[in-house]
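Just final.pdb here, PDB, C-alpha atoms:
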```pdb
ATOM      1  CA  MET A   1      -8.017 -34.646 -31.490  1.00  0.00           C
ATOM      2  CA  ASN A   2      -5.342 -37.321 -31.560  1.00  0.00           C
ATOM      3  CA  LYS A   3      -4.653 -38.362 -27.947  1.00  0.00           C
ATOM      4  CA  GLU A   4      -0.887 -38.720 -28.413  1.00  0.00           C
ATOM      5  CA  LEU A   5      -0.641 -35.212 -29.856  1.00  0.00           C
ATOM      6  CA  GLU A   6      -2.877 -33.893 -27.077  1.00  0.00           C
ATOM      7  CA  LYS A   7      -0.574 -35.477 -24.497  1.00  0.00           C
ATOM      8  CA  ALA A   8       2.497 -33.994 -26.216  1.00  0.00           C
ATOM      9  CA  ILE A   9       0.933 -30.516 -26.248  1.00  0.00           C
ATOM     10  CA  VAL A  10       0.122 -30.832 -22.534  1.00  0.00           C
ATOM     11  CA  THR A  11       3.774 -31.706 -21.921  1.00  0.00           C
ATOM     12  CA  GLN A  12       4.855 -28.662 -23.930  1.00  0.00           C
ATOM     13  CA  LEU A  13       2.496 -26.255 -22.201  1.00  0.00           C
ATOM     14  CA  ASN A  14       3.923 -27.412 -18.883  1.00  0.00           C
ATOM     15  CA  PHE A  15       7.432 -26.852 -20.244  1.00  0.00           C
ATOM     16  CA  GLU A  16       6.373 -23.299 -21.177  1.00  0.00           C
ATOM     17  CA  ILE A  17       5.317 -22.752 -17.545  1.00  0.00           C
ATOM     18  CA  GLU A  18       8.615 -24.224 -16.377  1.00  0.00           C
ATOM     19  CA  SER A  19      10.398 -21.876 -18.788  1.00  0.00           C
ATOM     20  CA  ALA A  20       8.613 -18.929 -17.206  1.00  0.00           C
ATOM     21  CA  PHE A  21      10.016 -19.877 -13.811  1.00  0.00           C
ATOM     22  CA  VAL A  22      13.490 -20.432 -15.260  1.00  0.00           C
ATOM     23  CA  TYR A  23      13.316 -16.786 -16.339  1.00  0.00           C
ATOM     24  CA  VAL A  24      11.994 -15.663 -12.926  1.00  0.00           C
ATOM     25  CA  ALA A  25      15.039 -17.261 -11.304  1.00  0.00           C
ATOM     26  CA  MET A  26      17.331 -15.505 -13.774  1.00  0.00           C
ATOM     27  CA  LYS A  27      15.519 -12.222 -13.207  1.00  0.00           C
ATOM     28  CA  ASN A  28      16.061 -12.479  -9.479  1.00  0.00           C
ATOM     29  CA  TYR A  29      19.756 -13.231  -9.926  1.00  0.00           C
ATOM     30  CA  LEU A  30      20.005 -10.086 -12.069  1.00  0.00           C
ATOM     31  CA  GLU A  31      18.224  -8.140  -9.307  1.00  0.00           C
ATOM     32  CA  THR A  32      21.266  -8.844  -7.109  1.00  0.00           C
ATOM     33  CA  LEU A  33      23.412  -7.023  -9.684  1.00  0.00           C
ATOM     34  CA  SER A  34      21.076  -3.988  -9.771  1.00  0.00           C
ATOM     35  CA  LEU A  35      20.662  -4.339 -13.536  1.00  0.00           C
ATOM     36  CA  GLU A  36      17.143  -2.970 -13.905  1.00  0.00           C
ATOM     37  CA  GLY A  37      17.086  -3.273 -17.693  1.00  0.00           C
ATOM     38  CA  PHE A  38      18.067  -6.926 -17.622  1.00  0.00           C
ATOM     39  CA  VAL A  39      15.528  -7.474 -14.832  1.00  0.00           C
ATOM     40  CA  ASN A  40      12.902  -5.896 -17.101  1.00  0.00           C
ATOM     41  CA  TRP A  41      13.986  -8.085 -20.032  1.00  0.00           C
ATOM     42  CA  PHE A  42      13.560 -11.256 -17.988  1.00  0.00           C
ATOM     43  CA  GLU A  43      10.264 -10.125 -16.467  1.00  0.00           C
ATOM     44  CA  ILE A  44       8.966  -9.824 -20.019  1.00  0.00           C
ATOM     45  CA  GLN A  45      10.396 -13.252 -20.856  1.00  0.00           C
ATOM     46  CA  PHE A  46       8.422 -14.611 -17.898  1.00  0.00           C
ATOM     47  CA  GLN A  47       5.222 -12.968 -19.152  1.00  0.00           C
ATOM     48  CA  GLU A  48       5.790 -14.242 -22.693  1.00  0.00           C
ATOM     49  CA  GLU A  49       6.316 -17.826 -21.549  1.00  0.00           C
ATOM     50  CA  MET A  50       3.132 -17.734 -19.492  1.00  0.00           C
ATOM     51  CA  ALA A  51       1.297 -16.348 -22.533  1.00  0.00           C
ATOM     52  CA  HIS A  52       2.732 -19.187 -24.652  1.00  0.00           C
ATOM     53  CA  ALA A  53       1.421 -21.712 -22.132  1.00  0.00           C
ATOM     54  CA  GLN A  54      -1.978 -19.997 -22.107  1.00  0.00           C
ATOM     55  CA  LYS A  55      -2.136 -20.125 -25.912  1.00  0.00           C
ATOM     56  CA  PHE A  56      -1.642 -23.904 -25.752  1.00  0.00           C
ATOM     57  CA  MET A  57      -4.267 -24.182 -22.997  1.00  0.00           C
ATOM     58  CA  ASN A  58      -6.803 -22.189 -25.008  1.00  0.00           C
ATOM     59  CA  TYR A  59      -6.133 -24.373 -28.034  1.00  0.00           C
ATOM     60  CA  LEU A  60      -6.600 -27.632 -26.134  1.00  0.00           C
ATOM     61  CA  ASN A  61      -9.808 -26.358 -24.578  1.00  0.00           C
ATOM     62  CA  GLU A  62     -11.148 -25.319 -27.993  1.00  0.00           C
ATOM     63  CA  ARG A  63     -10.371 -28.777 -29.374  1.00  0.00           C
ATOM     64  CA  GLY A  64     -12.009 -30.639 -26.496  1.00  0.00           C
ATOM     65  CA  GLY A  65      -8.691 -31.677 -24.984  1.00  0.00           C
ATOM     66  CA  ARG A  66      -7.805 -31.931 -21.329  1.00  0.00           C
ATOM     67  CA  VAL A  67      -5.295 -29.518 -19.805  1.00  0.00           C
ATOM     68  CA  GLU A  68      -3.234 -30.902 -16.933  1.00  0.00           C
ATOM     69  CA  ILE A  69      -0.825 -28.724 -14.971  1.00  0.00           C
ATOM     70  CA  ARG A  70       2.152 -30.604 -13.584  1.00  0.00           C
ATOM     71  CA  GLY A  71       5.192 -29.866 -11.424  1.00  0.00           C
ATOM     72  CA  PHE A  72       8.631 -28.964 -12.672  1.00  0.00           C
ATOM     73  CA  GLU A  73      12.276 -28.977 -11.665  1.00  0.00           C
ATOM     74  CA  THR A  74      13.675 -26.235  -9.451  1.00  0.00           C
ATOM     75  CA  PRO A  75      15.378 -23.787 -11.809  1.00  0.00           C
ATOM     76  CA  LYS A  76      19.001 -22.750 -11.460  1.00  0.00           C
ATOM     77  CA  ASN A  77      19.179 -19.682  -9.217  1.00  0.00           C
ATOM     78  CA  ASP A  78      22.895 -18.823  -9.123  1.00  0.00           C
ATOM     79  CA  PHE A  79      25.032 -17.657 -11.987  1.00  0.00           C
ATOM     80  CA  SER A  80      28.525 -16.281 -12.374  1.00  0.00           C
ATOM     81  CA  SER A  81      27.707 -13.465 -14.805  1.00  0.00           C
ATOM     82  CA  VAL A  82      25.169 -11.806 -17.054  1.00  0.00           C
ATOM     83  CA  LEU A  83      26.762 -13.638 -19.965  1.00  0.00           C
ATOM     84  CA  GLU A  84      26.192 -17.004 -18.283  1.00  0.00           C
ATOM     85  CA  VAL A  85      22.516 -16.109 -17.772  1.00  0.00           C
ATOM     86  CA  LEU A  86      22.127 -15.188 -21.435  1.00  0.00           C
ATOM     87  CA  GLU A  87      23.961 -18.253 -22.724  1.00  0.00           C
ATOM     88  CA  ALA A  88      21.815 -20.479 -20.505  1.00  0.00           C
ATOM     89  CA  SER A  89      18.735 -18.693 -21.846  1.00  0.00           C
ATOM     90  CA  LEU A  90      19.752 -19.299 -25.454  1.00  0.00           C
ATOM     91  CA  ALA A  91      20.405 -22.984 -24.720  1.00  0.00           C
ATOM     92  CA  HIS A  92      16.974 -23.185 -23.074  1.00  0.00           C
ATOM     93  CA  GLU A  93      15.284 -21.577 -26.085  1.00  0.00           C
ATOM     94  CA  LYS A  94      17.034 -24.045 -28.385  1.00  0.00           C
ATOM     95  CA  GLU A  95      15.495 -26.843 -26.322  1.00  0.00           C
ATOM     96  CA  VAL A  96      12.075 -25.209 -26.667  1.00  0.00           C
ATOM     97  CA  THR A  97      12.648 -25.014 -30.429  1.00  0.00           C
ATOM     98  CA  ARG A  98      13.580 -28.710 -30.574  1.00  0.00           C
ATOM     99  CA  ARG A  99      10.391 -29.609 -28.710  1.00  0.00           C
ATOM    100  CA  ILE A 100       8.182 -27.412 -30.915  1.00  0.00           C
ATOM    101  CA  HIS A 101       9.707 -28.990 -34.018  1.00  0.00           C
ATOM    102  CA  ASN A 102       8.926 -32.445 -32.626  1.00  0.00           C
ATOM    103  CA  LEU A 103       5.310 -31.389 -32.052  1.00  0.00           C
ATOM    104  CA  MET A 104       5.143 -30.071 -35.615  1.00  0.00           C
ATOM    105  CA  LYS A 105       6.536 -33.330 -36.971  1.00  0.00           C
ATOM    106  CA  MET A 106       3.884 -35.264 -35.045  1.00  0.00           C
ATOM    107  CA  ALA A 107       1.076 -32.977 -36.266  1.00  0.00           C
ATOM    108  CA  ILE A 108       2.252 -33.320 -39.875  1.00  0.00           C
ATOM    109  CA  GLU A 109       2.531 -37.111 -39.622  1.00  0.00           C
ATOM    110  CA  ILE A 110      -1.071 -37.439 -38.426  1.00  0.00           C
ATOM    111  CA  GLY A 111      -2.389 -34.687 -40.693  1.00  0.00           C
ATOM    112  CA  ASP A 112      -3.778 -32.526 -37.870  1.00  0.00           C
ATOM    113  CA  TYR A 113      -4.105 -29.266 -39.801  1.00  0.00           C
ATOM    114  CA  PRO A 114      -5.436 -27.133 -36.910  1.00  0.00           C
ATOM    115  CA  SER A 115      -2.395 -28.147 -34.838  1.00  0.00           C
ATOM    116  CA  ILE A 116      -0.061 -27.448 -37.758  1.00  0.00           C
ATOM    117  CA  SER A 117      -1.573 -23.971 -38.015  1.00  0.00           C
ATOM    118  CA  LEU A 118      -1.085 -23.366 -34.285  1.00  0.00           C
ATOM    119  CA  LEU A 119       2.448 -24.733 -34.289  1.00  0.00           C
ATOM    120  CA  ASN A 120       3.456 -22.531 -37.217  1.00  0.00           C
ATOM    121  CA  TRP A 121       3.042 -19.587 -34.845  1.00  0.00           C
ATOM    122  CA  TYR A 122       5.349 -21.233 -32.307  1.00  0.00           C
ATOM    123  CA  VAL A 123       7.949 -22.085 -34.967  1.00  0.00           C
ATOM    124  CA  ASP A 124       8.071 -18.411 -35.978  1.00  0.00           C
ATOM    125  CA  GLU A 125       8.160 -17.322 -32.325  1.00  0.00           C
ATOM    126  CA  GLN A 126      11.157 -19.544 -31.637  1.00  0.00           C
ATOM    127  CA  VAL A 127      13.110 -18.017 -34.512  1.00  0.00           C
ATOM    128  CA  GLU A 128      12.528 -14.632 -32.852  1.00  0.00           C
ATOM    129  CA  GLU A 129      13.401 -15.907 -29.355  1.00  0.00           C
ATOM    130  CA  GLU A 130      16.706 -17.429 -30.442  1.00  0.00           C
ATOM    131  CA  ASP A 131      17.578 -14.349 -32.487  1.00  0.00           C
ATOM    132  CA  ASN A 132      16.855 -12.003 -29.555  1.00  0.00           C
ATOM    133  CA  PHE A 133      19.088 -13.935 -27.181  1.00  0.00           C
ATOM    134  CA  SER A 134      21.853 -14.370 -29.769  1.00  0.00           C
ATOM    135  CA  LYS A 135      21.936 -10.630 -30.434  1.00  0.00           C
ATOM    136  CA  LEU A 136      21.881  -9.816 -26.733  1.00  0.00           C
ATOM    137  CA  ILE A 137      24.807 -12.196 -26.142  1.00  0.00           C
ATOM    138  CA  ASP A 138      26.707 -10.519 -28.995  1.00  0.00           C
ATOM    139  CA  LYS A 139      26.050  -7.086 -27.485  1.00  0.00           C
ATOM    140  CA  VAL A 140      27.196  -8.124 -24.011  1.00  0.00           C
ATOM    141  CA  LYS A 141      30.391  -9.560 -25.493  1.00  0.00           C
ATOM    142  CA  LEU A 142      30.915  -6.437 -27.584  1.00  0.00           C
ATOM    143  CA  VAL A 143      30.455  -3.865 -24.824  1.00  0.00           C
ATOM    144  CA  GLY A 144      32.203  -5.816 -22.079  1.00  0.00           C
ATOM    145  CA  GLY A 145      31.820  -5.024 -18.409  1.00  0.00           C
ATOM    146  CA  LYS A 146      32.068  -1.250 -18.636  1.00  0.00           C
ATOM    147  CA  GLY A 147      29.476  -0.929 -21.385  1.00  0.00           C
ATOM    148  CA  LEU A 148      26.949  -3.068 -19.568  1.00  0.00           C
ATOM    149  CA  PHE A 149      25.390   0.008 -17.953  1.00  0.00           C
ATOM    150  CA  MET A 150      24.396   1.509 -21.325  1.00  0.00           C
ATOM    151  CA  LEU A 151      23.028  -1.805 -22.562  1.00  0.00           C
ATOM    152  CA  ASP A 152      21.090  -2.159 -19.310  1.00  0.00           C
ATOM    153  CA  LYS A 153      19.446   1.228 -19.925  1.00  0.00           C
ATOM    154  CA  GLU A 154      18.448   0.111 -23.434  1.00  0.00           C
ATOM    155  CA  LEU A 155      16.765  -3.022 -22.073  1.00  0.00           C
ATOM    156  CA  LEU A 156      14.549  -0.915 -19.818  1.00  0.00           C
ATOM    157  CA  THR A 157      12.589   0.116 -22.917  1.00  0.00           C
ATOM    158  CA  ARG A 158      11.338  -3.397 -23.706  1.00  0.00           C
ATOM    159  CA  VAL A 159       7.605  -3.866 -23.095  1.00  0.00           C
ATOM    160  CA  PHE A 160       5.373  -6.923 -22.997  1.00  0.00           C
ATOM    161  CA  VAL A 161       3.053  -7.220 -25.982  1.00  0.00           C
ATOM    162  CA  PRO A 162       0.209  -9.661 -25.339  1.00  0.00           C
ATOM    163  CA  ILE A 163      -0.141 -12.367 -27.976  1.00  0.00           C
ATOM    164  CA  ALA A 164      -3.290 -13.093 -29.898  1.00  0.00           C
ATOM    165  CA  LYS A 165      -5.383 -15.987 -28.677  1.00  0.00           C
TER     166      LYS A 165
END
```
Any chance you could put this one into structure tokens?
Amino acid sequence: MNKELEKAIVTQLNFEIESAFVYVAMKNYLETLSLEGFVNWFEIQFQEEMAHAQKFMNYLNERGGRVEIRGFETPKNDFSSVLEVLEASLAHEKEVTRRIHNLMKMAIEIGDYPSISLLNWYVDEQVEEEDNFSKLIDKVKLVGGKGLFMLDKELLTRVFVPIAK
């Protein structure tokens, strides 16, 4: 495996772990508002990000690469509203998308077809992530403060679906 691509994937898998803790911080802010559905939503986001990191780890191990776990910045813990949390989440997912696209560009440039195959999954996943947050932002804006309770109940139904290796 190309060492530069391996290093870039290690950086990304650590960013996926960091993303998980960004969502834990958001989840705990939402706990202070007693919004159990939103708390559930962000708990699942945490689980998904950890699964994304694990998928990268499994891949590197299968390719003979070296996984290194590194530290990360302290995530933001205070927000002014549910809408701010969601808008910050969408901005974060757009950054993840940018990084995945850069990995894909690197894999294409060096002709690493196994990595291209792996990264195709992440490209598709990011389309879904951005769409989910965009729609949730639209719903929060649509229902306003008084309708937040009904939306919160809807979010309680979301469940974590483990990803394939």
Quiz item: Could you work out how far atom CA of A:Gly37 lies from atom CA of A:Glu154, giving the answer in Å with one decimal?
Solution: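 So the answer is 6.8 Å.
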Quiz item: Restricting the calculation to only C-alpha atoms, which member of A:Asn58, A:Gln47, A:Asn40, A:Gln126 is positioned closest to A:Leu13?
Solution: A:Asn58
Quiz prompt | Best match for closeness to A:Ala20 among A:Arg66, A:Lys153, A:His52, A:His101, counting only C-alpha atoms | solution = A:His52
Practice problem: Work out how far atom CA of A:Glu43 is from atom CA of A:Lys7, in Å to one decimal. | Solution: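 Between atom CA of A:Lys7 and atom CA of A:Glu43 the gap is 28.7 Å.
Near A:Ala53, within 12 Å and counting all atoms listed in the file, sit Ile9, Val10, Thr11, Gln12, Leu13, Asn14, Phe15, Glu16, Ile17, Glu18, Ser19, Ala20, Phe46, Gln47, Tyr59, Leu60, Val67, Glu68, Ile69, Tyr122, Ile163 and Lys165 of chain A; same-chain residues fewer than 6 positions away were not included.
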Output C-alpha atoms for every residue in that selection, as a PDB file, in the frame of the given file.
```pdb
ATOM      1  CA  ILE A   9       0.933 -30.516 -26.248  1.00  0.00           C
ATOM      2  CA  VAL A  10       0.122 -30.832 -22.534  1.00  0.00           C
ATOM      3  CA  THR A  11       3.774 -31.706 -21.921  1.00  0.00           C
ATOM      4  CA  GLN A  12       4.855 -28.662 -23.930  1.00  0.00           C
ATOM      5  CA  LEU A  13       2.496 -26.255 -22.201  1.00  0.00           C
ATOM      6  CA  ASN A  14       3.923 -27.412 -18.883  1.00  0.00           C
ATOM      7  CA  PHE A  15       7.432 -26.852 -20.244  1.00  0.00           C
ATOM      8  CA  GLU A  16       6.373 -23.299 -21.177  1.00  0.00           C
ATOM      9  CA  ILE A  17       5.317 -22.752 -17.545  1.00  0.00           C
ATOM     10  CA  GLU A  18       8.615 -24.224 -16.377  1.00  0.00           C
ATOM     11  CA  SER A  19      10.398 -21.876 -18.788  1.00  0.00           C
ATOM     12  CA  ALA A  20       8.613 -18.929 -17.206  1.00  0.00           C
ATOM     13  CA  PHE A  46       8.422 -14.611 -17.898  1.00  0.00           C
ATOM     14  CA  GLN A  47       5.222 -12.968 -19.152  1.00  0.00           C
ATOM     15  CA  TYR A  59      -6.133 -24.373 -28.034  1.00  0.00           C
ATOM     16  CA  LEU A  60      -6.600 -27.632 -26.134  1.00  0.00           C
ATOM     17  CA  VAL A  67      -5.295 -29.518 -19.805  1.00  0.00           C
ATOM     18  CA  GLU A  68      -3.234 -30.902 -16.933  1.00  0.00           C
ATOM     19  CA  ILE A  69      -0.825 -28.724 -14.971  1.00  0.00           C
ATOM     20  CA  TYR A 122       5.349 -21.233 -32.307  1.00  0.00           C
ATOM     21  CA  ILE A 163      -0.141 -12.367 -27.976  1.00  0.00           C
ATOM     22  CA  LYS A 165      -5.383 -15.987 -28.677  1.00  0.00           C
TER      23      LYS A 165
END
```
Which stretch 40-104 of chain A residues have any atom within 12 Å of an atom of stretch 25-30 of chain A, and for each, what is the nearest pair of atoms with distance in Å to one decimal, counting all atoms listed in the file, rows sorted by chain and number, as a Markdown table?
```
| residue | atom | partner | partner_atom | distance |
| --- | --- | --- | --- | --- |
| A:Asn40 | CA | A:Lys27 | CA | 7.9 |
| A:Trp41 | CA | A:Lys27 | CA | 8.1 |
| A:Phe42 | CA | A:Lys27 | CA | 5.3 |
| A:Glu43 | CA | A:Lys27 | CA | 6.5 |
| A:Ile44 | CA | A:Lys27 | CA | 9.8 |
| A:Gln45 | CA | A:Lys27 | CA | 9.3 |
| A:Phe46 | CA | A:Lys27 | CA | 8.8 |
| A:Gln47 | CA | A:Lys27 | CA | 11.9 |
| A:Thr74 | CA | A:Ala25 | CA | 9.3 |
| A:Pro75 | CA | A:Ala25 | CA | 6.6 |
| A:Lys76 | CA | A:Ala25 | CA | 6.8 |
| A:Asn77 | CA | A:Ala25 | CA | 5.2 |
| A:Asp78 | CA | A:Tyr29 | CA | 6.5 |
| A:Phe79 | CA | A:Tyr29 | CA | 7.2 |
| A:Ser80 | CA | A:Tyr29 | CA | 9.6 |
| A:Ser81 | CA | A:Leu30 | CA | 8.8 |
| A:Val82 | CA | A:Leu30 | CA | 7.4 |
| A:Leu83 | CA | A:Leu30 | CA | 11.0 |
| A:Glu84 | CA | A:Met26 | CA | 10.1 |
| A:Val85 | CA | A:Met26 | CA | 6.6 |
| A:Leu86 | CA | A:Met26 | CA | 9.0 |
| A:Glu87 | CA | A:Met26 | CA | 11.5 |
| A:Ala88 | CA | A:Met26 | CA | 9.5 |
| A:Ser89 | CA | A:Met26 | CA | 8.8 |
```
Quiz prompt | Residue nearest A:Pro162 among A:Met150, A:Ile108, A:Ala51, A:Ile100 (counting all atoms listed in the file) | solution = A:Ala51
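The residues caught by the PyMOL selection byres ((chain A and resi 136) around 10) in this file are Leu83, Leu86, Glu87, Leu90, Glu130, Asp131, Asn132, Phe133, Ser134, Lys135, Ile137, Asp138, Lys139, Val140, Lys141, Leu142, Leu151 and Leu155 of chain A.
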Quiz item: Quick one, how far is atom CA of A:Gly64 from atom CA of A:Ser115?
Solution: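 Separation of atom CA of A:Gly64 and atom CA of A:Ser115: 13.0 Å.
Nearest residue to A:Phe72, choosing from A:Val127, A:Val161, A:Val22, A:Leu156 and counting all atoms listed in the file: A:Val22.
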Exercise. Run the PyMOL selection byres ((chain A and resi 1) around 8) mentally over the shown coordinates, then write out the matched residues as a list of chain:residue names, using the chain letters and numbers from the document.
Key: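 With the shown file as input, the PyMOL selection byres ((chain A and resi 1) around 8) matches A:Asn2, A:Lys3, A:Leu5, A:Glu6, A:Arg63, A:Gly64, A:Gly65, A:Asp112.
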N, CA and C atoms restored at stretch 42-74 of chain A, emitted as a PDB file, keeping the file's coordinate frame:
```pdb
ATOM      1  N   PHE A  42      13.948  -9.920 -18.443  1.00  0.00           N
ATOM      2  CA  PHE A  42      13.560 -11.256 -17.988  1.00  0.00           C
ATOM      3  C   PHE A  42      12.153 -11.293 -17.403  1.00  0.00           C
ATOM      4  N   GLU A  43      11.666 -10.192 -16.883  1.00  0.00           N
ATOM      5  CA  GLU A  43      10.264 -10.125 -16.467  1.00  0.00           C
ATOM      6  C   GLU A  43       9.364 -10.304 -17.685  1.00  0.00           C
ATOM      7  N   ILE A  44       9.744  -9.688 -18.785  1.00  0.00           N
ATOM      8  CA  ILE A  44       8.966  -9.824 -20.019  1.00  0.00           C
ATOM      9  C   ILE A  44       9.082 -11.241 -20.566  1.00  0.00           C
ATOM     10  N   GLN A  45      10.252 -11.856 -20.439  1.00  0.00           N
ATOM     11  CA  GLN A  45      10.396 -13.252 -20.856  1.00  0.00           C
ATOM     12  C   GLN A  45       9.442 -14.129 -20.055  1.00  0.00           C
ATOM     13  N   PHE A  46       9.351 -13.873 -18.749  1.00  0.00           N
ATOM     14  CA  PHE A  46       8.422 -14.611 -17.898  1.00  0.00           C
ATOM     15  C   PHE A  46       6.995 -14.457 -18.424  1.00  0.00           C
ATOM     16  N   GLN A  47       6.582 -13.229 -18.679  1.00  0.00           N
ATOM     17  CA  GLN A  47       5.222 -12.968 -19.152  1.00  0.00           C
ATOM     18  C   GLN A  47       4.961 -13.646 -20.495  1.00  0.00           C
ATOM     19  N   GLU A  48       5.949 -13.600 -21.382  1.00  0.00           N
ATOM     20  CA  GLU A  48       5.790 -14.242 -22.693  1.00  0.00           C
ATOM     21  C   GLU A  48       5.616 -15.753 -22.559  1.00  0.00           C
ATOM     22  N   GLU A  49       6.420 -16.370 -21.706  1.00  0.00           N
ATOM     23  CA  GLU A  49       6.316 -17.826 -21.549  1.00  0.00           C
ATOM     24  C   GLU A  49       4.964 -18.221 -20.975  1.00  0.00           C
ATOM     25  N   MET A  50       4.460 -17.443 -20.038  1.00  0.00           N
ATOM     26  CA  MET A  50       3.132 -17.734 -19.492  1.00  0.00           C
ATOM     27  C   MET A  50       2.061 -17.556 -20.579  1.00  0.00           C
ATOM     28  N   ALA A  51       2.236 -16.554 -21.422  1.00  0.00           N
ATOM     29  CA  ALA A  51       1.297 -16.348 -22.533  1.00  0.00           C
ATOM     30  C   ALA A  51       1.375 -17.503 -23.529  1.00  0.00           C
ATOM     31  N   HIS A  52       2.578 -18.032 -23.758  1.00  0.00           N
ATOM     32  CA  HIS A  52       2.732 -19.187 -24.652  1.00  0.00           C
ATOM     33  C   HIS A  52       1.993 -20.402 -24.081  1.00  0.00           C
ATOM     34  N   ALA A  53       2.130 -20.602 -22.779  1.00  0.00           N
ATOM     35  CA  ALA A  53       1.421 -21.712 -22.132  1.00  0.00           C
ATOM     36  C   ALA A  53      -0.085 -21.510 -22.252  1.00  0.00           C
ATOM     37  N   GLN A  54      -0.546 -20.281 -22.028  1.00  0.00           N
ATOM     38  CA  GLN A  54      -1.978 -19.997 -22.107  1.00  0.00           C
ATOM     39  C   GLN A  54      -2.512 -20.232 -23.514  1.00  0.00           C
ATOM     40  N   LYS A  55      -1.719 -19.900 -24.522  1.00  0.00           N
ATOM     41  CA  LYS A  55      -2.136 -20.125 -25.912  1.00  0.00           C
ATOM     42  C   LYS A  55      -2.359 -21.625 -26.153  1.00  0.00           C
ATOM     43  N   PHE A  56      -1.456 -22.455 -25.640  1.00  0.00           N
ATOM     44  CA  PHE A  56      -1.642 -23.904 -25.752  1.00  0.00           C
ATOM     45  C   PHE A  56      -2.887 -24.353 -24.990  1.00  0.00           C
ATOM     46  N   MET A  57      -3.094 -23.805 -23.789  1.00  0.00           N
ATOM     47  CA  MET A  57      -4.267 -24.182 -22.997  1.00  0.00           C
ATOM     48  C   MET A  57      -5.557 -23.828 -23.725  1.00  0.00           C
ATOM     49  N   ASN A  58      -5.612 -22.617 -24.263  1.00  0.00           N
ATOM     50  CA  ASN A  58      -6.803 -22.189 -25.008  1.00  0.00           C
ATOM     51  C   ASN A  58      -7.066 -23.133 -26.178  1.00  0.00           C
ATOM     52  N   TYR A  59      -6.004 -23.487 -26.879  1.00  0.00           N
ATOM     53  CA  TYR A  59      -6.133 -24.373 -28.034  1.00  0.00           C
ATOM     54  C   TYR A  59      -6.691 -25.736 -27.623  1.00  0.00           C
ATOM     55  N   LEU A  60      -6.112 -26.325 -26.585  1.00  0.00           N
ATOM     56  CA  LEU A  60      -6.600 -27.632 -26.134  1.00  0.00           C
ATOM     57  C   LEU A  60      -8.055 -27.555 -25.711  1.00  0.00           C
ATOM     58  N   ASN A  61      -8.421 -26.509 -25.004  1.00  0.00           N
ATOM     59  CA  ASN A  61      -9.808 -26.358 -24.578  1.00  0.00           C
ATOM     60  C   ASN A  61     -10.753 -26.204 -25.770  1.00  0.00           C
ATOM     61  N   GLU A  62     -10.322 -25.484 -26.782  1.00  0.00           N
ATOM     62  CA  GLU A  62     -11.148 -25.319 -27.993  1.00  0.00           C
ATOM     63  C   GLU A  62     -11.320 -26.630 -28.747  1.00  0.00           C
ATOM     64  N   ARG A  63     -10.330 -27.495 -28.656  1.00  0.00           N
ATOM     65  CA  ARG A  63     -10.371 -28.777 -29.374  1.00  0.00           C
ATOM     66  C   ARG A  63     -10.958 -29.906 -28.539  1.00  0.00           C
ATOM     67  N   GLY A  64     -11.433 -29.600 -27.339  1.00  0.00           N
ATOM     68  CA  GLY A  64     -12.009 -30.639 -26.496  1.00  0.00           C
ATOM     69  C   GLY A  64     -10.984 -31.470 -25.771  1.00  0.00           C
ATOM     70  N   GLY A  65      -9.751 -30.957 -25.687  1.00  0.00           N
ATOM     71  CA  GLY A  65      -8.691 -31.677 -24.984  1.00  0.00           C
ATOM     72  C   GLY A  65      -8.754 -31.432 -23.493  1.00  0.00           C
ATOM     73  N   ARG A  66      -7.846 -32.046 -22.786  1.00  0.00           N
ATOM     74  CA  ARG A  66      -7.805 -31.931 -21.329  1.00  0.00           C
ATOM     75  C   ARG A  66      -6.465 -31.349 -20.916  1.00  0.00           C
ATOM     76  N   VAL A  67      -6.504 -30.168 -20.302  1.00  0.00           N
ATOM     77  CA  VAL A  67      -5.295 -29.518 -19.805  1.00  0.00           C
ATOM     78  C   VAL A  67      -4.972 -30.074 -18.426  1.00  0.00           C
ATOM     79  N   GLU A  68      -3.721 -30.456 -18.235  1.00  0.00           N
ATOM     80  CA  GLU A  68      -3.234 -30.902 -16.933  1.00  0.00           C
ATOM     81  C   GLU A  68      -1.984 -30.098 -16.596  1.00  0.00           C
ATOM     82  N   ILE A  69      -1.995 -29.475 -15.420  1.00  0.00           N
ATOM     83  CA  ILE A  69      -0.825 -28.724 -14.971  1.00  0.00           C
ATOM     84  C   ILE A  69      -0.030 -29.635 -14.052  1.00  0.00           C
ATOM     85  N   ARG A  70       1.271 -29.705 -14.326  1.00  0.00           N
ATOM     86  CA  ARG A  70       2.152 -30.604 -13.584  1.00  0.00           C
ATOM     87  C   ARG A  70       3.277 -29.815 -12.924  1.00  0.00           C
ATOM     88  N   GLY A  71       4.051 -30.482 -12.084  1.00  0.00           N
ATOM     89  CA  GLY A  71       5.192 -29.866 -11.424  1.00  0.00           C
ATOM     90  C   GLY A  71       6.389 -29.754 -12.363  1.00  0.00           C
ATOM     91  N   PHE A  72       7.428 -29.114 -11.867  1.00  0.00           N
ATOM     92  CA  PHE A  72       8.631 -28.964 -12.672  1.00  0.00           C
ATOM     93  C   PHE A  72       9.854 -28.904 -11.771  1.00  0.00           C
ATOM     94  N   GLU A  73      11.010 -29.010 -12.391  1.00  0.00           N
ATOM     95  CA  GLU A  73      12.276 -28.977 -11.665  1.00  0.00           C
ATOM     96  C   GLU A  73      12.529 -27.580 -11.099  1.00  0.00           C
ATOM     97  N   THR A  74      13.245 -27.519  -9.998  1.00  0.00           N
ATOM     98  CA  THR A  74      13.675 -26.235  -9.451  1.00  0.00           C
ATOM     99  C   THR A  74      14.681 -25.628 -10.424  1.00  0.00           C
TER     100      THR A  74
END
```
